[in-house]
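Structure first, commentary second.
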Amino acid sequence: MLDERQKHLAALLRQSKYDRKSISSLTAGSIDLSIDSAYHIQLENIKYEMKQGREITGKKIGLTSKKVQEMLGVDEPDYGHLLDDMEIDDGGSISFRQLLQPKVEGELAFRLKEDLKGPGVTSMDVLKATDRIFPSIEVVDSRIKDWKISLIDTVADNASAGYFVLGKTGRKVTDVDVKKVEMALYRNGQLLNTGVGTAALGNPAYCVAWLANKLSNYNIPLKAGEVILSGALSGMVEVKPGDKVRAEFSELGEVEVSFTY
């Protein structure tokens with residue numbers, strides 16, 4: 001159960017999302033929150049969205065880079081929820097009227113064919129439970145002003161989730177070595193960065209296994225049909241209105257999204 005202060009912080013994040021006005025860090029001043037409290041704030045807002053008619057379609061994993069973990073002083077990833085109104089068609093566009101301060105990442109997405117519930121889920125269990133692997137672009141978008149976030153901020157803020165784009169077709173998991181997939185991220189035709197599957201804690205499937213085991217603390221399974229964004233393969237890239245972003249993946253093809261005014 002959330003106390004009144006935590007309910008207030010959940011409401012602030014919710015209002016920020018709908019007003020498109022960023023807020024100060026949740027831990028500014030003397031406010032002290034635990035990671036567990038931050039996850040419960042996240043769940044409070046997901047429950048609110050579901051009451052408004054949204055549906056959970058998957059999960060996203062963040063902080064899969066050792067460098068980012070060190071920056072935030074943590075030793076494990078975090079996660080957020082994907083809702084049905086967050087998915088953008090491949091080649092589609094997103095209006096900046098729907099965004100605050102977006103950045104993009106290239107990731108591998110797992111679509112499950114079987115439920116996964118921890119504890120004890122392994123990378124092999126993940127691969128066996130996966131239907132297809134998709135190329136994806138995640139649009140992350142913090143409600144915290146100027147991206148001055150702590151771990152508490154990003155966890156409470158649904159892991160800074162914004163939108164996501166999946167490639168039109170995926171491949172069977174047996175046809176892809178997720179650790180060796182190479183990714184190149186372009187903005188307006190200019191190559192900005194590259195990455196490989198091992199950038200996500202050595203193995204994107206391990207990241208999904210971590211998530212299944214972490215969610216067991218809250219009695220939440222990963223369900224068949226859900227999409228799991230397994231973590232960035234390179235650094236985040238800022239975007240502005242008029243930009244077109246394309247991510248190319250070896251073995252998987254490409255995925256693209258544009259940003260409008």
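Lettering and numbering for the structure tokens are positional, with chains as A, B, ... in the shown order, residues counted from 1 in each chain, and ligands counted from 1 in the shown order.
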(request) Just the residues within 7 Å of region 158-166 of chain A, please, counting only C-alpha atoms, with nothing from its chain fewer than 3 positions along; format it as a VMD selection string. (result) chain A and resid 42 62 78 to 81 86 to 90 134 to 142 154 to 155 255
Export C-alpha atoms of the chosen residues as a PDB file, in the first residue's frame?
ATOM      1  CA  GLN A  42       4.979   2.844 -10.911  1.00  0.00           C
ATOM      2  CA  GLY A  62      16.372  -0.373 -18.634  1.00  0.00           C
ATOM      3  CA  ASP A  78      15.149  -1.734 -13.825  1.00  0.00           C
ATOM      4  CA  TYR A  79      11.886  -2.309 -15.654  1.00  0.00           C
ATOM      5  CA  GLY A  80       8.710  -0.612 -16.774  1.00  0.00           C
ATOM      6  CA  HIS A  81       5.389  -1.538 -18.378  1.00  0.00           C
ATOM      7  CA  MET A  86       2.696   3.159 -26.633  1.00  0.00           C
ATOM      8  CA  GLU A  87       3.300   1.139 -29.805  1.00  0.00           C
ATOM      9  CA  ILE A  88       3.952   3.026 -33.047  1.00  0.00           C
ATOM     10  CA  ASP A  89       3.865   1.284 -36.437  1.00  0.00           C
ATOM     11  CA  ASP A  90       7.163   0.738 -38.194  1.00  0.00           C
ATOM     12  CA  PHE A 134      12.109  -8.213 -33.545  1.00  0.00           C
ATOM     13  CA  PRO A 135      14.267  -5.183 -34.278  1.00  0.00           C
ATOM     14  CA  SER A 136      12.973  -2.255 -32.260  1.00  0.00           C
ATOM     15  CA  ILE A 137      13.397   1.405 -31.429  1.00  0.00           C
ATOM     16  CA  GLU A 138      12.470   2.567 -27.963  1.00  0.00           C
ATOM     17  CA  VAL A 139      11.545   6.216 -27.455  1.00  0.00           C
ATOM     18  CA  VAL A 140      12.381   6.992 -23.841  1.00  0.00           C
ATOM     19  CA  ASP A 141      10.918  10.136 -22.320  1.00  0.00           C
ATOM     20  CA  SER A 142      11.503  11.209 -18.729  1.00  0.00           C
ATOM     21  CA  THR A 154      13.298   6.398 -13.365  1.00  0.00           C
ATOM     22  CA  VAL A 155      11.762   3.393 -11.561  1.00  0.00           C
ATOM     23  CA  VAL A 255      12.955  -0.309 -38.152  1.00  0.00           C
TER      24      VAL A 255
END
Using only C-alpha atoms, what does the table of region 34-137 of chain A residues within 10 Å of region 207-219 of chain A look like, with each row giving the shortest atom pair and its distance in Å to one decimal, sorted by chain and ascending number, as CSV?
residue,atom,partner,partner_atom,distance
A:Asp36,CA,A:Asn217,CA,9.8
A:Tyr39,CA,A:Tyr218,CA,9.4
A:His40,CA,A:Tyr218,CA,9.3
A:Leu43,CA,A:Tyr218,CA,10.0
A:Lys59,CA,A:Leu211,CA,8.7
A:Lys60,CA,A:Leu211,CA,8.9
A:Ile61,CA,A:Cys207,CA,7.3
A:Gly62,CA,A:Cys207,CA,9.3
A:Thr64,CA,A:Cys207,CA,7.5
A:Glu76,CA,A:Trp210,CA,8.8
A:Pro77,CA,A:Cys207,CA,8.0
A:Asp78,CA,A:Leu211,CA,8.1
A:Tyr79,CA,A:Leu211,CA,7.2
A:Gly80,CA,A:Leu211,CA,9.9
A:Ala109,CA,A:Val208,CA,9.8
A:Phe110,CA,A:Val208,CA,8.4
A:Asp115,CA,A:Ala212,CA,9.6
A:Leu116,CA,A:Ala212,CA,6.3
A:Lys117,CA,A:Ala212,CA,5.5
A:Gly118,CA,A:Asn213,CA,4.1
A:Pro119,CA,A:Asn213,CA,4.6
A:Gly120,CA,A:Asn213,CA,6.5
A:Val121,CA,A:Ala209,CA,5.5
A:Thr122,CA,A:Ala209,CA,5.4
A:Ser123,CA,A:Ala209,CA,5.6
A:Met124,CA,A:Ala209,CA,8.7
A:Asp125,CA,A:Ala209,CA,7.7
A:Val126,CA,A:Ala209,CA,6.2
A:Leu127,CA,A:Val208,CA,9.4
Could the residues in this selection be saved with C-alpha atoms as a PDB file, in the first residue's frame?
ATOM      1  CA  ASP A  36      10.439  -0.974  -3.616  1.00  0.00           C
ATOM      2  CA  TYR A  39       8.097   0.285  -8.049  1.00  0.00           C
ATOM      3  CA  HIS A  40       4.821   0.545  -6.144  1.00  0.00           C
ATOM      4  CA  LEU A  43       2.340   0.144 -10.377  1.00  0.00           C
ATOM      5  CA  LYS A  59       7.539  -4.804 -20.406  1.00  0.00           C
ATOM      6  CA  LYS A  60      10.724  -2.840 -20.994  1.00  0.00           C
ATOM      7  CA  ILE A  61      14.082  -3.320 -19.343  1.00  0.00           C
ATOM      8  CA  GLY A  62      16.372  -0.373 -18.634  1.00  0.00           C
ATOM      9  CA  THR A  64      21.307  -2.790 -18.988  1.00  0.00           C
ATOM     10  CA  GLU A  76      21.012  -4.359 -11.623  1.00  0.00           C
ATOM     11  CA  PRO A  77      18.609  -3.179 -14.358  1.00  0.00           C
ATOM     12  CA  ASP A  78      15.149  -1.734 -13.825  1.00  0.00           C
ATOM     13  CA  TYR A  79      11.886  -2.309 -15.654  1.00  0.00           C
ATOM     14  CA  GLY A  80       8.710  -0.612 -16.774  1.00  0.00           C
ATOM     15  CA  ALA A 109      12.442  -7.172 -28.666  1.00  0.00           C
ATOM     16  CA  PHE A 110      11.266 -10.629 -27.570  1.00  0.00           C
ATOM     17  CA  ASP A 115       4.328 -17.517 -19.828  1.00  0.00           C
ATOM     18  CA  LEU A 116       7.486 -16.979 -17.775  1.00  0.00           C
ATOM     19  CA  LYS A 117       7.368 -16.652 -14.023  1.00  0.00           C
ATOM     20  CA  GLY A 118      10.290 -16.554 -11.614  1.00  0.00           C
ATOM     21  CA  PRO A 119      12.152 -17.252  -9.532  1.00  0.00           C
ATOM     22  CA  GLY A 120      14.674 -19.493 -11.245  1.00  0.00           C
ATOM     23  CA  VAL A 121      14.113 -18.441 -14.876  1.00  0.00           C
ATOM     24  CA  THR A 122      17.255 -18.854 -17.015  1.00  0.00           C
ATOM     25  CA  SER A 123      18.352 -17.432 -20.360  1.00  0.00           C
ATOM     26  CA  MET A 124      17.597 -20.816 -21.939  1.00  0.00           C
ATOM     27  CA  ASP A 125      14.074 -20.722 -20.485  1.00  0.00           C
ATOM     28  CA  VAL A 126      13.615 -17.322 -22.132  1.00  0.00           C
ATOM     29  CA  LEU A 127      14.703 -18.566 -25.542  1.00  0.00           C
TER      30      LEU A 127
END
(message) Residues near Thr260 (chain A), anyone? I mean within 9 Å using only C-alpha atoms, not counting same-chain ones fewer than 5 positions away, as a list of chain:residue names.
(response) A:Ser93, A:Ile94, A:Ser95, A:Phe96, A:Arg97, A:Lys240, A:Pro241, A:Gly242, A:Asp243
Could you take the residues named above and write them with N, CA and C atoms, as a PDB file, in the first residue's frame?
ATOM      1  N   SER A  93       4.981   7.839 -37.313  1.00  0.00           N
ATOM      2  CA  SER A  93       5.496   9.090 -36.768  1.00  0.00           C
ATOM      3  C   SER A  93       4.898   9.360 -35.391  1.00  0.00           C
ATOM      4  N   ILE A  94       5.598  10.183 -34.628  1.00  0.00           N
ATOM      5  CA  ILE A  94       5.154  10.605 -33.306  1.00  0.00           C
ATOM      6  C   ILE A  94       5.222  12.125 -33.253  1.00  0.00           C
ATOM      7  N   SER A  95       4.146  12.758 -32.829  1.00  0.00           N
ATOM      8  CA  SER A  95       4.125  14.210 -32.699  1.00  0.00           C
ATOM      9  C   SER A  95       4.810  14.630 -31.408  1.00  0.00           C
ATOM     10  N   PHE A  96       5.570  15.698 -31.475  1.00  0.00           N
ATOM     11  CA  PHE A  96       6.217  16.221 -30.271  1.00  0.00           C
ATOM     12  C   PHE A  96       5.186  16.744 -29.274  1.00  0.00           C
ATOM     13  N   ARG A  97       3.949  16.898 -29.703  1.00  0.00           N
ATOM     14  CA  ARG A  97       2.898  17.282 -28.764  1.00  0.00           C
ATOM     15  C   ARG A  97       2.600  16.155 -27.779  1.00  0.00           C
ATOM     16  N   LYS A 240      14.570  15.647 -32.268  1.00  0.00           N
ATOM     17  CA  LYS A 240      13.778  16.872 -32.307  1.00  0.00           C
ATOM     18  C   LYS A 240      12.780  16.770 -33.450  1.00  0.00           C
ATOM     19  N   PRO A 241      11.795  17.663 -33.502  1.00  0.00           N
ATOM     20  CA  PRO A 241      10.820  17.615 -34.592  1.00  0.00           C
ATOM     21  C   PRO A 241      11.504  17.661 -35.960  1.00  0.00           C
ATOM     22  N   GLY A 242      11.041  16.826 -36.867  1.00  0.00           N
ATOM     23  CA  GLY A 242      11.622  16.747 -38.199  1.00  0.00           C
ATOM     24  C   GLY A 242      12.625  15.628 -38.360  1.00  0.00           C
ATOM     25  N   ASP A 243      13.057  15.026 -37.257  1.00  0.00           N
ATOM     26  CA  ASP A 243      14.046  13.952 -37.330  1.00  0.00           C
ATOM     27  C   ASP A 243      13.412  12.640 -37.779  1.00  0.00           C
TER      28      ASP A 243
END
(request) Enumerate as a list in words all residues of region 86-129 of chain A assigned to alpha helix (DSSP H) by DSSP on the backbone, naming them with the chain letters and numbers the document uses. (result)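 Of region 86-129 of chain A, only Ser123, Met124, Asp125, Val126, Leu127, Lys128 and Ala129 of chain A fall in alpha helix (DSSP H).
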Could you please take those selected residues and save C-alpha atoms as an mmCIF file, in the first residue's frame?
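Heads up, here's the output in out.cif:
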data_model
loop_
_atom_site.group_PDB
_atom_site.id
_atom_site.type_symbol
_atom_site.label_atom_id
_atom_site.label_comp_id
_atom_site.auth_asym_id
_atom_site.auth_seq_id
_atom_site.Cartn_x
_atom_site.Cartn_y
_atom_site.Cartn_z
ATOM 1 C CA SER A 123 18.352 -17.432 -20.360
ATOM 2 C CA MET A 124 17.597 -20.816 -21.939
ATOM 3 C CA ASP A 125 14.074 -20.722 -20.485
ATOM 4 C CA VAL A 126 13.615 -17.322 -22.132
ATOM 5 C CA LEU A 127 14.703 -18.566 -25.542
ATOM 6 C CA LYS A 128 12.400 -21.594 -25.284
ATOM 7 C CA ALA A 129 9.473 -19.329 -24.341
#
Do a neighbour search on Asp153 (chain A) at 8 Å with only C-alpha atoms, toss out local chain neighbours closer than 3 positions, and write the hits as a PDB file with C-alpha atoms, in the first residue's frame.
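Dumped everything to part20.pdb:
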ATOM      1  CA  SER A  25      13.328  14.923  -9.093  1.00  0.00           C
ATOM      2  CA  LEU A  26      11.146  12.932  -6.713  1.00  0.00           C
ATOM      3  CA  THR A  27      14.062  12.754  -4.283  1.00  0.00           C
ATOM      4  CA  ALA A  38       9.330   3.490  -6.384  1.00  0.00           C
ATOM      5  CA  ILE A 144      11.863  14.517 -14.661  1.00  0.00           C
ATOM      6  CA  ILE A 149      17.238  11.444 -12.689  1.00  0.00           C
ATOM      7  CA  SER A 150      18.116   9.111  -9.869  1.00  0.00           C
ATOM      8  CA  ALA A 156       8.784   5.421 -10.329  1.00  0.00           C
ATOM      9  CA  ASP A 157       8.473   7.001 -13.785  1.00  0.00           C
TER      10      ASP A 157
END
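Interatomic distance, CA of Val104 (chain A) against CA of Leu83 (chain A): 17.7 Å.
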(message) Please determine, counting only C-alpha atoms, which residue among A:Gln98, A:Ile41, A:Ala200, A:Thr169 has the shortest atom-to-atom distance to Lys67 (chain A).
(response)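 For Lys67 (chain A), the nearest of the candidates is A:Ala200.
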(request) Please run DSSP on the backbone and report, as a list of chain:residue names, all residues within region 79-123 of chain A that come out as strand (DSSP E). (result)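 Taking region 79-123 of chain A and keeping strand (DSSP E) only, one gets A:Tyr79, A:Gly80, A:His81, A:Leu82, A:Leu83, A:Glu87, A:Ile88, A:Ser93, A:Ile94, A:Ser95, A:Pro102, A:Lys103, A:Val104, A:Glu105, A:Gly106, A:Glu107, A:Leu108, A:Ala109, A:Phe110, A:Arg111, A:Leu112.
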Go ahead and write the selection's residues with N, CA and C atoms as a compact mmCIF listing (two decimals), in the first residue's frame.
# COMPACT_ATOMS: atom_id res chain seq x y z
N TYR A 79 12.88 -1.94 -14.65
CA TYR A 79 11.89 -2.31 -15.65
C TYR A 79 10.69 -1.36 -15.59
N GLY A 80 9.95 -1.36 -16.70
CA GLY A 80 8.71 -0.61 -16.77
C GLY A 80 7.70 -1.41 -17.58
N HIS A 81 6.48 -0.88 -17.66
CA HIS A 81 5.39 -1.54 -18.38
C HIS A 81 5.18 -0.90 -19.74
N LEU A 82 4.82 -1.73 -20.72
CA LEU A 82 4.40 -1.25 -22.04
C LEU A 82 2.89 -1.36 -22.12
N LEU A 83 2.25 -0.29 -22.61
CA LEU A 83 0.81 -0.26 -22.77
C LEU A 83 0.45 -0.20 -24.24
N GLU A 87 2.69 1.72 -28.60
CA GLU A 87 3.30 1.14 -29.80
C GLU A 87 2.99 1.99 -31.04
N ILE A 88 4.04 2.27 -31.80
CA ILE A 88 3.95 3.03 -33.05
C ILE A 88 4.31 2.08 -34.19
N SER A 93 4.98 7.84 -37.31
CA SER A 93 5.50 9.09 -36.77
C SER A 93 4.90 9.36 -35.39
N ILE A 94 5.60 10.18 -34.63
CA ILE A 94 5.15 10.60 -33.31
C ILE A 94 5.22 12.12 -33.25
N SER A 95 4.15 12.76 -32.83
CA SER A 95 4.13 14.21 -32.70
C SER A 95 4.81 14.63 -31.41
N PRO A 102 12.32 13.60 -25.49
CA PRO A 102 12.57 12.23 -25.93
C PRO A 102 14.00 11.95 -26.36
N LYS A 103 14.38 10.70 -26.19
CA LYS A 103 15.62 10.14 -26.71
C LYS A 103 15.29 8.77 -27.27
N VAL A 104 16.14 8.25 -28.15
CA VAL A 104 15.86 6.96 -28.77
C VAL A 104 17.01 5.98 -28.54
N GLU A 105 16.65 4.70 -28.57
CA GLU A 105 17.61 3.61 -28.41
C GLU A 105 17.22 2.48 -29.36
N GLY A 106 18.22 1.73 -29.83
CA GLY A 106 17.97 0.52 -30.60
C GLY A 106 18.05 -0.69 -29.70
N GLU A 107 17.07 -1.60 -29.81
CA GLU A 107 17.00 -2.74 -28.91
C GLU A 107 16.48 -3.98 -29.64
N LEU A 108 16.70 -5.14 -29.03
CA LEU A 108 16.06 -6.37 -29.47
C LEU A 108 14.79 -6.57 -28.66
N ALA A 109 13.72 -6.93 -29.34
CA ALA A 109 12.44 -7.17 -28.67
C ALA A 109 12.09 -8.65 -28.76
N PHE A 110 11.67 -9.23 -27.65
CA PHE A 110 11.27 -10.63 -27.57
C PHE A 110 9.73 -10.69 -27.48
N ARG A 111 9.10 -11.45 -28.37
CA ARG A 111 7.67 -11.69 -28.23
C ARG A 111 7.48 -13.12 -27.73
N LEU A 112 6.82 -13.25 -26.60
CA LEU A 112 6.71 -14.55 -25.94
C LEU A 112 5.58 -15.40 -26.50
(request) Would you please work out which residue, of A:Glu254, A:Leu9, A:Ile220, A:Asp85, is nearest to Ile31 (chain A) when using only C-alpha atoms? (result)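 Closest residue, counting only C-alpha atoms: A:Leu9.
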